[in-house]
$ cat input_2.txt   # compact mmCIF, C-alpha atoms and all ligand atoms
# COMPACT_ATOMS: atom_id res chain seq x y z
CA MET A 1450 0.00 0.00 0.00
CA ARG A 1451 1.44 3.34 -1.01
CA ARG A 1452 1.66 6.20 1.43
CA ARG A 1453 1.39 9.95 1.00
CA PRO A 1454 2.15 12.94 3.20
CA LEU A 1455 -0.83 14.36 5.06
CA GLY A 1456 -0.19 17.96 4.03
CA ARG A 1457 2.38 19.60 6.25
CA THR A 1458 1.46 17.70 9.40
CA GLY A 1459 4.61 15.56 9.27
CA LEU A 1460 2.33 12.51 9.20
CA THR A 1461 2.11 10.09 6.30
CA VAL A 1462 -0.97 8.00 5.61
CA SER A 1463 -1.80 5.05 3.40
CA GLU A 1464 -3.32 6.46 0.22
CA LEU A 1465 -6.42 4.40 0.92
CA GLY A 1466 -8.07 4.95 4.28
CA PHE A 1467 -10.76 2.77 5.84
CA GLY A 1468 -13.97 4.48 6.90
CA CYS A 1469 -15.44 3.20 10.14
CA ALA A 1470 -18.95 4.55 9.72
CA SER A 1471 -22.47 3.78 8.58
CA TRP A 1472 -23.31 0.06 8.45
CA TRP A 1473 -19.81 -0.94 9.62
CA GLY A 1474 -20.48 0.53 13.07
CA LYS A 1475 -24.01 -0.71 13.58
CA PRO A 1476 -24.68 -3.43 16.17
CA ARG A 1477 -26.72 -5.21 13.47
CA PHE A 1478 -23.45 -5.73 11.60
CA GLU A 1479 -21.66 -8.63 13.21
CA GLU A 1480 -18.87 -7.48 15.54
CA ARG A 1481 -16.46 -10.22 14.50
CA THR A 1482 -16.66 -9.26 10.82
CA ALA A 1483 -16.40 -5.53 11.58
CA LEU A 1484 -13.28 -6.02 13.71
CA GLY A 1485 -11.89 -8.49 11.18
CA LEU A 1486 -12.16 -5.83 8.46
CA VAL A 1487 -10.03 -3.43 10.50
CA HIS A 1488 -7.45 -6.12 11.22
CA GLU A 1489 -7.30 -7.15 7.58
CA ALA A 1490 -7.04 -3.52 6.49
CA ILE A 1491 -4.01 -3.12 8.80
CA ASP A 1492 -2.50 -6.29 7.31
CA LEU A 1493 -3.07 -4.83 3.83
CA GLY A 1494 -1.10 -1.72 4.81
CA VAL A 1495 -3.93 0.68 5.64
CA THR A 1496 -2.73 3.17 8.25
CA LEU A 1497 -5.59 5.67 8.12
CA PHE A 1498 -8.88 4.92 9.87
CA ASP A 1499 -11.65 7.50 9.84
CA THR A 1500 -14.59 7.57 12.22
CA GLY A 1501 -16.70 10.08 14.12
CA ALA A 1502 -18.28 10.54 17.52
CA SER A 1503 -21.76 10.48 15.99
CA TYR A 1504 -21.15 7.78 13.37
CA SER A 1505 -23.40 4.73 13.45
CA ALA A 1506 -25.46 6.34 16.25
CA GLY A 1507 -22.33 6.65 18.39
CA GLU A 1508 -21.41 2.97 18.00
CA ALA A 1509 -18.62 3.25 15.42
CA GLU A 1510 -15.98 4.88 17.59
CA PRO A 1511 -16.10 2.40 20.51
CA ARG A 1512 -16.18 -0.44 17.98
CA LEU A 1513 -13.01 0.89 16.37
CA GLY A 1514 -11.54 1.11 19.87
CA ARG A 1515 -12.31 -2.57 20.39
CA ALA A 1516 -10.75 -3.40 17.03
CA LEU A 1517 -7.55 -1.58 17.95
CA LYS A 1518 -7.31 -2.98 21.47
CA GLY A 1519 -4.02 -4.80 21.96
CA ARG A 1520 -2.75 -3.73 18.52
CA ASP A 1521 0.31 -1.62 17.83
CA THR A 1522 -1.29 1.69 16.87
CA SER A 1523 1.96 3.66 16.72
CA GLY A 1524 2.02 3.61 12.91
CA LEU A 1525 -1.68 4.40 12.49
CA VAL A 1526 -3.45 7.70 12.00
CA VAL A 1527 -6.84 7.37 13.67
CA ALA A 1528 -9.10 10.22 12.64
CA THR A 1529 -12.36 11.12 14.32
CA LYS A 1530 -14.86 13.95 14.27
CA ALA A 1531 -16.37 16.26 16.83
CA GLY A 1532 -19.22 18.74 16.90
CA THR A 1533 -22.00 16.21 16.35
CA PHE A 1534 -23.27 13.51 18.68
CA HIS A 1535 -25.93 10.85 18.86
CA ALA A 1536 -28.85 12.33 20.75
CA GLY A 1537 -30.82 9.08 21.05
CA GLY A 1538 -33.40 7.46 18.84
CA GLY A 1539 -31.11 7.63 15.83
CA ARG A 1540 -31.10 11.45 15.99
CA ILE A 1541 -27.82 13.27 15.34
CA ALA A 1542 -27.47 16.57 17.17
CA ARG A 1543 -24.83 19.22 16.87
CA ASP A 1544 -22.86 21.21 19.43
CA MET A 1545 -20.14 23.12 17.66
CA THR A 1546 -19.04 25.14 20.68
CA PRO A 1547 -15.34 25.02 21.62
CA ALA A 1548 -16.06 23.43 25.02
CA ALA A 1549 -18.21 20.71 23.46
CA VAL A 1550 -15.59 19.96 20.81
CA VAL A 1551 -12.85 19.62 23.44
CA ALA A 1552 -15.08 17.40 25.61
CA SER A 1553 -15.95 15.30 22.55
CA ALA A 1554 -12.26 14.82 21.68
CA GLU A 1555 -11.56 13.70 25.24
CA ARG A 1556 -14.44 11.21 25.10
CA SER A 1557 -13.22 9.96 21.73
CA LEU A 1558 -9.81 9.21 23.18
CA ARG A 1559 -11.46 7.06 25.84
CA SER A 1560 -13.73 5.31 23.32
CA LEU A 1561 -10.85 4.60 20.99
CA GLY A 1562 -8.44 3.63 23.79
CA LEU A 1563 -5.81 6.01 22.43
CA GLU A 1564 -3.55 8.55 24.10
CA ALA A 1565 -3.65 10.85 21.10
CA LEU A 1566 -5.92 11.22 18.09
CA GLY A 1567 -4.08 11.19 14.78
CA LEU A 1568 -6.55 13.73 13.44
CA LEU A 1569 -9.48 15.54 15.01
CA GLN A 1570 -11.92 16.95 12.47
CA LEU A 1571 -14.84 19.27 13.05
CA HIS A 1572 -17.86 17.52 11.59
CA GLY A 1573 -19.54 19.99 9.28
CA PRO A 1574 -18.87 23.36 10.94
CA SER A 1575 -20.12 26.62 9.47
CA ALA A 1576 -17.55 29.24 8.49
CA ALA A 1577 -18.72 31.38 11.44
CA GLU A 1578 -18.04 28.50 13.84
CA LEU A 1579 -14.39 28.49 12.77
CA ASN A 1580 -13.87 31.52 14.99
CA ASP A 1581 -10.87 32.50 17.11
CA LYS A 1582 -12.20 30.74 20.22
CA MET A 1583 -12.72 27.50 18.32
CA LEU A 1584 -9.30 27.67 16.68
CA ALA A 1585 -7.65 28.36 20.06
CA ALA A 1586 -9.48 25.35 21.56
CA LEU A 1587 -8.29 23.14 18.72
CA GLU A 1588 -4.72 24.41 19.10
CA SER A 1589 -4.92 23.65 22.82
CA LEU A 1590 -5.77 20.01 22.05
CA LYS A 1591 -2.63 19.84 19.95
CA ALA A 1592 -0.55 21.58 22.61
CA ARG A 1593 -1.80 19.06 25.21
CA GLY A 1594 -0.70 16.24 22.90
CA LEU A 1595 -4.28 14.97 22.52
CA ALA A 1596 -4.47 15.49 18.74
CA ARG A 1597 -1.62 15.38 16.29
CA ALA A 1598 -3.48 17.20 13.53
CA ILE A 1599 -6.63 19.29 13.25
CA GLY A 1600 -9.04 19.37 10.37
CA LEU A 1601 -12.61 19.51 9.28
CA ASN A 1602 -15.06 17.63 7.15
CA SER A 1603 -17.47 19.64 5.05
CA PHE A 1604 -19.38 19.22 1.82
CA ASP A 1605 -19.80 22.98 1.56
CA PRO A 1606 -17.13 24.42 -0.77
CA ALA A 1607 -17.47 27.84 0.89
CA VAL A 1608 -16.55 26.36 4.28
CA ILE A 1609 -13.60 24.45 2.82
CA GLY A 1610 -12.51 27.60 0.99
CA HIS A 1611 -12.60 29.52 4.26
CA ALA A 1612 -10.72 26.77 6.14
CA ILE A 1613 -7.93 26.79 3.55
CA GLY A 1614 -7.01 30.27 4.78
CA LEU A 1615 -6.78 29.23 8.45
CA PRO A 1616 -3.29 28.26 9.67
CA ALA A 1617 -4.78 26.18 12.55
CA ILE A 1618 -6.45 23.79 10.09
CA ASP A 1619 -4.10 21.07 8.85
CA VAL A 1620 -6.48 18.83 6.90
CA VAL A 1621 -9.75 19.10 4.99
CA MET A 1622 -12.04 16.22 4.07
CA VAL A 1623 -14.09 16.84 0.95
CA ASP A 1624 -16.62 14.83 -1.03
CA TYR A 1625 -14.49 13.99 -4.04
CA ASN A 1626 -15.18 11.25 -6.58
CA VAL A 1627 -15.88 10.80 -10.31
CA LEU A 1628 -19.22 12.53 -9.83
CA ARG A 1629 -17.61 15.58 -8.24
CA PRO A 1630 -14.90 16.95 -10.54
CA GLU A 1631 -15.99 20.44 -9.52
CA ARG A 1632 -14.06 19.91 -6.26
CA GLU A 1633 -10.72 19.81 -8.11
CA PRO A 1634 -9.87 23.56 -8.05
CA LEU A 1635 -10.67 23.64 -4.31
CA ILE A 1636 -8.50 20.58 -3.68
CA ALA A 1637 -5.63 22.17 -5.62
CA ARG A 1638 -5.95 25.34 -3.52
CA ALA A 1639 -6.00 23.35 -0.29
CA ALA A 1640 -2.87 21.43 -1.29
CA ALA A 1641 -1.12 24.65 -2.36
CA ALA A 1642 -1.84 26.03 1.12
CA GLY A 1643 -0.18 22.95 2.64
CA LYS A 1644 -3.38 21.25 3.79
CA GLY A 1645 -3.76 17.52 3.76
CA VAL A 1646 -6.76 16.56 1.63
CA LEU A 1647 -8.89 13.50 2.40
CA ALA A 1648 -11.41 12.37 -0.18
CA GLY A 1649 -14.53 11.10 1.61
CA MET A 1650 -16.99 9.03 -0.44
CA PRO A 1651 -14.38 8.20 -3.13
CA LEU A 1652 -16.61 5.41 -4.47
CA ALA A 1653 -19.47 7.88 -4.86
CA MET A 1654 -21.23 5.51 -2.45
CA GLY A 1655 -21.50 3.02 -5.31
CA HIS A 1656 -23.85 5.27 -7.30
CA THR A 1657 -22.07 4.49 -10.58
CA ARG A 1658 -23.74 1.04 -10.41
CA PRO A 1659 -27.49 0.55 -10.84
CA LEU A 1660 -29.21 0.59 -7.46
CA LEU A 1661 -31.03 -2.70 -8.08
CA ALA A 1662 -27.79 -4.50 -8.97
CA ARG A 1663 -26.45 -3.65 -5.52
CA LEU A 1664 -29.29 -5.10 -3.46
CA LYS A 1665 -28.01 -8.34 -2.00
CA GLY A 1666 -28.82 -7.99 1.68
CA PRO A 1667 -30.15 -5.73 4.48
CA ARG A 1668 -27.05 -3.54 4.48
CA ASP A 1669 -27.59 -2.78 0.78
CA LEU A 1670 -31.21 -1.83 1.47
CA TRP A 1671 -29.95 0.53 4.19
CA TYR A 1672 -27.47 2.17 1.76
CA ALA A 1673 -30.17 2.32 -0.94
CA ALA A 1674 -32.61 4.03 1.44
CA ARG A 1675 -29.91 6.57 2.33
CA ALA A 1676 -29.23 7.18 -1.35
CA LEU A 1677 -32.91 7.71 -2.18
CA ALA A 1678 -33.31 10.04 0.78
CA ASN A 1679 -30.15 12.12 0.39
CA HIS A 1680 -28.39 11.47 -2.90
CA ARG A 1681 -30.92 11.34 -5.75
CA GLY A 1682 -28.79 13.72 -7.82
CA GLU A 1683 -25.78 11.39 -7.51
CA LEU A 1684 -27.91 8.38 -8.45
CA ALA A 1685 -28.95 10.15 -11.65
CA ARG A 1686 -25.43 11.36 -12.49
CA GLY A 1687 -24.00 7.92 -11.73
CA ARG A 1688 -25.82 6.49 -14.76
CA ARG A 1689 -23.28 8.13 -17.05
CA PHE A 1690 -20.48 6.11 -15.42
CA ARG A 1691 -21.75 2.56 -15.92
CA PHE A 1692 -18.76 1.92 -18.24
CA LEU A 1693 -16.50 1.94 -15.16
CA HIS A 1694 -17.94 -1.47 -14.35
CA GLU A 1695 -17.18 -2.96 -17.76
CA LEU A 1696 -13.43 -2.41 -17.95
CA PRO A 1697 -11.11 -5.31 -18.77
CA ASP A 1698 -8.38 -4.62 -16.17
CA LEU A 1699 -10.07 -2.74 -13.32
CA THR A 1700 -13.24 -3.28 -11.39
CA GLY A 1701 -15.63 -0.34 -11.19
CA SER A 1702 -14.64 0.41 -7.60
CA GLN A 1703 -10.95 0.24 -8.43
CA ALA A 1704 -11.46 2.60 -11.37
CA ALA A 1705 -13.30 5.05 -9.09
CA LEU A 1706 -10.48 4.91 -6.52
CA VAL A 1707 -7.72 5.16 -9.10
CA TYR A 1708 -9.42 8.28 -10.48
CA VAL A 1709 -9.35 9.93 -7.04
CA LEU A 1710 -5.76 8.85 -6.38
CA ALA A 1711 -4.64 10.14 -9.78
CA ASN A 1712 -5.09 13.56 -8.21
CA ALA A 1713 -1.70 14.14 -6.60
CA HIS A 1714 -3.22 16.74 -4.28
CA VAL A 1715 -5.23 14.06 -2.50
CA SER A 1716 -3.51 12.58 0.55
CA ALA A 1717 -5.88 9.63 0.85
CA ALA A 1718 -9.21 8.30 -0.34
CA VAL A 1719 -11.32 7.07 2.57
CA PHE A 1720 -13.75 4.35 1.52
CA GLY A 1721 -16.35 2.40 3.44
CA ALA A 1722 -16.73 -1.35 3.02
CA THR A 1723 -18.42 -4.07 5.02
CA ARG A 1724 -17.56 -7.01 2.77
CA PRO A 1725 -13.99 -8.35 3.10
CA GLU A 1726 -13.82 -8.99 -0.66
CA HIS A 1727 -14.58 -5.29 -1.23
CA LEU A 1728 -11.79 -4.29 1.14
CA ARG A 1729 -9.30 -6.52 -0.70
CA GLU A 1730 -10.43 -5.34 -4.12
CA ASN A 1731 -10.12 -1.70 -3.06
CA ALA A 1732 -6.73 -2.16 -1.39
CA ALA A 1733 -5.44 -3.63 -4.66
CA ALA A 1734 -6.17 -0.27 -6.34
CA SER A 1735 -3.22 1.36 -4.55
CA GLY A 1736 -0.42 2.03 -7.00
CA LEU A 1737 -2.51 1.33 -10.12
CA ALA A 1738 -2.29 3.85 -12.95
CA LEU A 1739 -5.28 5.53 -14.55
CA PRO A 1740 -4.95 4.87 -18.31
CA ALA A 1741 -5.18 8.06 -20.40
CA ASP A 1742 -8.08 6.73 -22.47
CA LEU A 1743 -10.04 5.91 -19.33
CA MET A 1744 -9.42 9.40 -17.95
CA ALA A 1745 -10.69 10.79 -21.26
CA ARG A 1746 -13.89 8.72 -20.98
CA ILE A 1747 -14.38 9.86 -17.38
CA ARG A 1748 -13.87 13.50 -18.40
CA ALA A 1749 -16.37 13.08 -21.25
CA ALA A 1750 -18.95 11.56 -18.86
CA GLN A 1751 -18.36 14.40 -16.42
CA GLY A 1752 -19.20 16.79 -19.24
N1 LIG B 1 -21.10 9.45 3.26
C1 LIG B 1 -20.92 10.51 4.04
O1 LIG B 1 -21.85 11.31 4.24
C2 LIG B 1 -19.57 10.77 4.68
C3 LIG B 1 -19.43 11.95 5.36
C4 LIG B 1 -18.21 12.22 5.95
C5 LIG B 1 -17.19 11.34 5.88
N2 LIG B 1 -17.31 10.16 5.23
C6 LIG B 1 -16.18 9.24 5.26
O2 LIG B 1 -16.02 8.63 4.02
C7 LIG B 1 -16.10 7.20 4.23
C8 LIG B 1 -16.72 6.56 3.03
O3 LIG B 1 -18.04 7.03 2.87
P1 LIG B 1 -19.26 6.06 2.53
O4 LIG B 1 -19.05 4.74 3.21
O5 LIG B 1 -20.49 6.81 2.82
O6 LIG B 1 -19.18 5.94 0.96
P2 LIG B 1 -18.27 5.14 -0.07
O7 LIG B 1 -16.99 4.65 0.50
O8 LIG B 1 -18.19 6.05 -1.25
O9 LIG B 1 -19.21 3.89 -0.43
C9 LIG B 1 -19.49 2.85 0.46
C10 LIG B 1 -20.33 1.84 -0.30
O10 LIG B 1 -19.52 1.31 -1.34
C11 LIG B 1 -19.58 -0.12 -1.29
N3 LIG B 1 -18.31 -0.68 -1.73
C12 LIG B 1 -17.08 -0.54 -1.17
N4 LIG B 1 -16.16 -1.20 -1.87
C13 LIG B 1 -16.82 -1.80 -2.90
C14 LIG B 1 -16.41 -2.66 -3.94
N5 LIG B 1 -15.13 -3.00 -4.10
N6 LIG B 1 -17.36 -3.10 -4.83
C15 LIG B 1 -18.65 -2.76 -4.69
N7 LIG B 1 -19.09 -1.95 -3.71
C16 LIG B 1 -18.19 -1.48 -2.81
C17 LIG B 1 -19.87 -0.47 0.13
O11 LIG B 1 -20.45 -1.75 0.12
P3 LIG B 1 -20.18 -2.87 1.26
O12 LIG B 1 -20.55 -2.20 2.55
O13 LIG B 1 -21.09 -3.96 0.83
O14 LIG B 1 -18.73 -3.28 1.23
C18 LIG B 1 -20.82 0.67 0.53
O15 LIG B 1 -22.13 0.36 0.09
C19 LIG B 1 -16.94 7.01 5.49
O16 LIG B 1 -16.72 5.75 6.07
C20 LIG B 1 -16.43 8.16 6.31
O17 LIG B 1 -15.22 7.79 6.95
C21 LIG B 1 -18.50 9.89 4.61
$ encode --input "input_2.txt" --output "structure tokens"
Amino acid sequence: MRRRPLGRTGLTVSELGFGCASWWGKPRFEERTALGLVHEAIDLGVTLFDTGASYSAGEAEPRLGRALKGRDTSGLVVATKAGTFHAGGGRIARDMTPAAVVASAERSLRSLGLEALGLLQLHGPSAAELNDKMLAALESLKARGLARAIGLNSFDPAVIGHAIGLPAIDVVMVDYNVLRPEREPLIARAAAAGKGVLAGMPLAMGHTRPLLARLKGPRDLWYAARALANHRGELARGRRFRFLHELPDLTGSQAALVYVLANAHVSAAVFGATRPEHLRENAAASGLALPADLMARIRAAQG
């Protein structure tokens, strides 16, 4: 597995990160398989694991902690998020005050069983919430040795654009995949400013494949329901990329990952997977080249 620098943090990360979120963290998903995926990812050379305090109704972070228990975590970058929390009944609430973010980071350390977070990211802050008090609180976490890098996750280009100008922010996580080429200028600006760039949703949540072809079990129904509720635009745009799944040398998921990794400004693509064969297939995409004719077809489909 190839590694890349995480901006100017001094950290390096595997170019493919494993997302510990969504179905992976749910109690309905068998614990043994979930932990096994993390262990196999480590064996495959993955060093970046991304989770969040509110992910999987608050269950993902402690599950990742159980997966890492007794393991050598010194070479890993464990990233989590603060500013949102599970408020019960499946409801996600937000508290983006500096005190709540610091308290959340401290709880995350306990849940994960770590002495320091590799990366603490604000989970969808507004530009106004990235104020001096918040930045000072984040810096204090670094000064106390509780977080090695500070970042944020946002799907709002204006927020990412604002964060790029803030010296306290080391890393930005953006929604970048074949369906989102419009993120490329922003990613280039972030990298030029020395920020690490994480691509969340690099597989476009599978929306390049027909929805019906993906329905093999309850987890797929869960992802399909999420797509119909939140990502109808992506589902429609994904139709133009069916050819990714008919290539002779790459699977569709590998092609999607290789596209994201062909962008040298990206530090890592963070994918989610709950099937071990998906993890292996995705890990094998590290180091693969994106053929020029395939890039041309992707560009044509992107319009
Ligand atoms: N989605 C968000 O809103 C969001 C927000 C912030 C951060 N993130 C970060 O980004 C990570 C990834 O996001 P995500 O999980 O929503 O989206 P994703 O990685 O783009 O897509 C996950 C979906 O792709 C499928 N998949 C993975 N590998 C595959 C393969 N080789 N062949 C076929 N299908 C494959 C998974 O299926 P199986 O489960 O069956 O393997 C799952 O249904 C998260 O874990 C999180 O760390 C996401």
$ residues_around --input "input_2.txt" --residues "Leu1493 of chain A" --least-positions-apart "3" --cutoff "9 Å" --atoms "only C-alpha atoms" --output "PyMOL selection string"
chain A and resi 1450+1488-1490+1729+1732-1733
$ atom_distance --input "input_2.txt" --atom1 "atom CA of Ala1509 of chain A" --atom2 "atom O11 of ligand LIG 1 (chain B)"
16.2 Å
$ closest_residue --input "input_2.txt" --among "A:Arg1512, A:Arg1451, A:Arg1629, A:His1535" --to "Arg1481 of chain A" --atoms "only C-alpha atoms"
A:Arg1512
$ axis_aligned_box --input "input_2.txt" --around "ligand LIG 1 (chain B)" --padding-each-side "6 Å" --output "lines of an AutoDock Vina configuration file"
center_x = -18.6
center_y = 4.1
center_z = 1.1
size_x = 19.0
size_y = 28.2
size_z = 23.8
$ residues_near_ligand --input "input_2.txt" --ligand "ligand LIG 1 (chain B)" --cutoff "6 Å" --atoms "only C-alpha atoms and all ligand atoms" --output "MDAnalysis selection string"
chainID A and resid 1468:1470 1499:1500 1649:1655 1672 1702 1719:1724 1727 1730:1731
$ residues_around --input "input_2.txt" --residues "segment 1578-1586 of chain A" --least-positions-apart "4" --cutoff "7 Å" --atoms "only C-alpha atoms" --output "CSV table (one decimal) with C-alpha atoms, in the coordinates of the input"
chain,number,residue,atom,x,y,z
A,1545,MET,CA,-20.1,23.1,17.7
A,1547,PRO,CA,-15.3,25.0,21.6
A,1551,VAL,CA,-12.8,19.6,23.4
A,1574,PRO,CA,-18.9,23.4,10.9
A,1590,LEU,CA,-5.8,20.0,22.0
A,1617,ALA,CA,-4.8,26.2,12.6
$ atom_distance --input "input_2.txt" --atom1 "atom CA of Ala1531 of chain A" --atom2 "atom CA of Ala1641 of chain A"
25.9 Å
$ closest_atom_pairs --input "input_2.txt" --of "segment 1624-1705 of chain A" --to "segment 1600-1607 of chain A" --cutoff "12 Å" --atoms "all atoms listed in the file" --output "Markdown table"
| residue | atom | partner | partner_atom | distance |
| --- | --- | --- | --- | --- |
| A:Asp1624 | CA | A:Phe1604 | CA | 5.9 |
| A:Tyr1625 | CA | A:Phe1604 | CA | 9.3 |
| A:Arg1629 | CA | A:Phe1604 | CA | 10.8 |
| A:Glu1631 | CA | A:Pro1606 | CA | 9.7 |
| A:Arg1632 | CA | A:Pro1606 | CA | 7.7 |
| A:Glu1633 | CA | A:Pro1606 | CA | 10.8 |
| A:Pro1634 | CA | A:Pro1606 | CA | 10.3 |
| A:Leu1635 | CA | A:Pro1606 | CA | 7.4 |
| A:Ile1636 | CA | A:Pro1606 | CA | 9.9 |
| A:Arg1638 | CA | A:Pro1606 | CA | 11.5 |
| A:Ala1639 | CA | A:Pro1606 | CA | 11.2 |
| A:Lys1644 | CA | A:Gly1600 | CA | 8.9 |
| A:Gly1645 | CA | A:Gly1600 | CA | 8.7 |
| A:Val1646 | CA | A:Gly1600 | CA | 9.5 |
| A:Leu1647 | CA | A:Asn1602 | CA | 8.8 |
| A:Ala1648 | CA | A:Asn1602 | CA | 9.7 |
| A:Gly1649 | CA | A:Asn1602 | CA | 8.6 |
| A:Met1650 | CA | A:Phe1604 | CA | 10.7 |
$ closest_residue --input "input_2.txt" --among "A:Gly1752, A:Gly1501, A:Gly1736, A:Gly1610" --to "Leu1465 of chain A" --atoms "only C-alpha atoms"
A:Gly1736
$ residues_around --input "input_2.txt" --residues "Thr1461 of chain A" --least-positions-apart "5" --cutoff "12 Å" --atoms "all atoms listed in the file" --output "short mmCIF file (atom, residue, chain, number, x, y, z; two decimals) with C-alpha atoms, keeping the file's coordinate frame"
data_model
loop_
_atom_site.label_atom_id
_atom_site.label_comp_id
_atom_site.auth_asym_id
_atom_site.auth_seq_id
_atom_site.Cartn_x
_atom_site.Cartn_y
_atom_site.Cartn_z
CA ARG A 1451 1.44 3.34 -1.01
CA ARG A 1452 1.66 6.20 1.43
CA ARG A 1453 1.39 9.95 1.00
CA PRO A 1454 2.15 12.94 3.20
CA LEU A 1455 -0.83 14.36 5.06
CA GLY A 1456 -0.19 17.96 4.03
CA GLY A 1466 -8.07 4.95 4.28
CA VAL A 1495 -3.93 0.68 5.64
CA THR A 1496 -2.73 3.17 8.25
CA LEU A 1497 -5.59 5.67 8.12
CA GLY A 1524 2.02 3.61 12.91
CA LEU A 1525 -1.68 4.40 12.49
CA VAL A 1526 -3.45 7.70 12.00
CA VAL A 1527 -6.84 7.37 13.67
CA GLY A 1567 -4.08 11.19 14.78
CA LEU A 1568 -6.55 13.73 13.44
CA ARG A 1597 -1.62 15.38 16.29
CA ALA A 1598 -3.48 17.20 13.53
CA GLY A 1645 -3.76 17.52 3.76
CA VAL A 1646 -6.76 16.56 1.63
CA SER A 1716 -3.51 12.58 0.55
CA ALA A 1717 -5.88 9.63 0.85
#
$ residues_around --input "input_2.txt" --residues "Gly1687 of chain A" --least-positions-apart "3" --cutoff "12 Å" --atoms "all atoms listed in the file" --output "list of chain:residue names"
A:Asn1626, A:Val1627, A:Leu1628, A:Arg1629, A:Leu1652, A:Ala1653, A:Met1654, A:Gly1655, A:His1656, A:Thr1657, A:Arg1658, A:Pro1659, A:Leu1660, A:Ala1676, A:His1680, A:Arg1681, A:Gly1682, A:Glu1683, A:Leu1684, A:Phe1690, A:Arg1691, A:Phe1692, A:Leu1693, A:His1694, A:Gly1701, A:Ala1705, A:Ile1747, A:Ala1750, A:Gln1751
$ write_last_selection --input "input_2.txt" --atoms "C-alpha atoms" --output "compact mmCIF listing (two decimals), in the coordinates of the input"
# COMPACT_ATOMS: atom_id res chain seq x y z
CA ASN A 1626 -15.18 11.25 -6.58
CA VAL A 1627 -15.88 10.80 -10.31
CA LEU A 1628 -19.22 12.53 -9.83
CA ARG A 1629 -17.61 15.58 -8.24
CA LEU A 1652 -16.61 5.41 -4.47
CA ALA A 1653 -19.47 7.88 -4.86
CA MET A 1654 -21.23 5.51 -2.45
CA GLY A 1655 -21.50 3.02 -5.31
CA HIS A 1656 -23.85 5.27 -7.30
CA THR A 1657 -22.07 4.49 -10.58
CA ARG A 1658 -23.74 1.04 -10.41
CA PRO A 1659 -27.49 0.55 -10.84
CA LEU A 1660 -29.21 0.59 -7.46
CA ALA A 1676 -29.23 7.18 -1.35
CA HIS A 1680 -28.39 11.47 -2.90
CA ARG A 1681 -30.92 11.34 -5.75
CA GLY A 1682 -28.79 13.72 -7.82
CA GLU A 1683 -25.78 11.39 -7.51
CA LEU A 1684 -27.91 8.38 -8.45
CA PHE A 1690 -20.48 6.11 -15.42
CA ARG A 1691 -21.75 2.56 -15.92
CA PHE A 1692 -18.76 1.92 -18.24
CA LEU A 1693 -16.50 1.94 -15.16
CA HIS A 1694 -17.94 -1.47 -14.35
CA GLY A 1701 -15.63 -0.34 -11.19
CA ALA A 1705 -13.30 5.05 -9.09
CA ILE A 1747 -14.38 9.86 -17.38
CA ALA A 1750 -18.95 11.56 -18.86
CA GLN A 1751 -18.36 14.40 -16.42
$ residues_around --input "input_2.txt" --residues "Leu1484 of chain A" --least-positions-apart "5" --cutoff "12 Å" --atoms "all atoms listed in the file" --output "list in words"
Cys1469, Trp1473, Gly1474, Lys1475, Pro1476, Phe1478, Glu1479, Glu1489, Ala1490, Ile1491, Ala1509, Glu1510, Pro1511, Arg1512, Leu1513, Gly1514, Arg1515, Ala1516, Leu1517, Lys1518, Arg1520, Thr1723, Arg1724 and Pro1725 of chain A
$ atom_distance --input "input_2.txt" --atom1 "atom CA of Val1462 of chain A" --atom2 "atom CA of Ala1528 of chain A"
11.0 Å
$ closest_residue --input "input_2.txt" --among "A:Gly1485, A:Gly1562, A:Gly1614, A:Gly1643" --to "Gly1459 of chain A" --atoms "all atoms listed in the file"
A:Gly1643
$ closest_residue --input "input_2.txt" --among "A:Leu1664, A:Gln1703, A:Thr1533, A:His1714" --to "Ala1738 of chain A" --atoms "all atoms listed in the file"
A:Gln1703
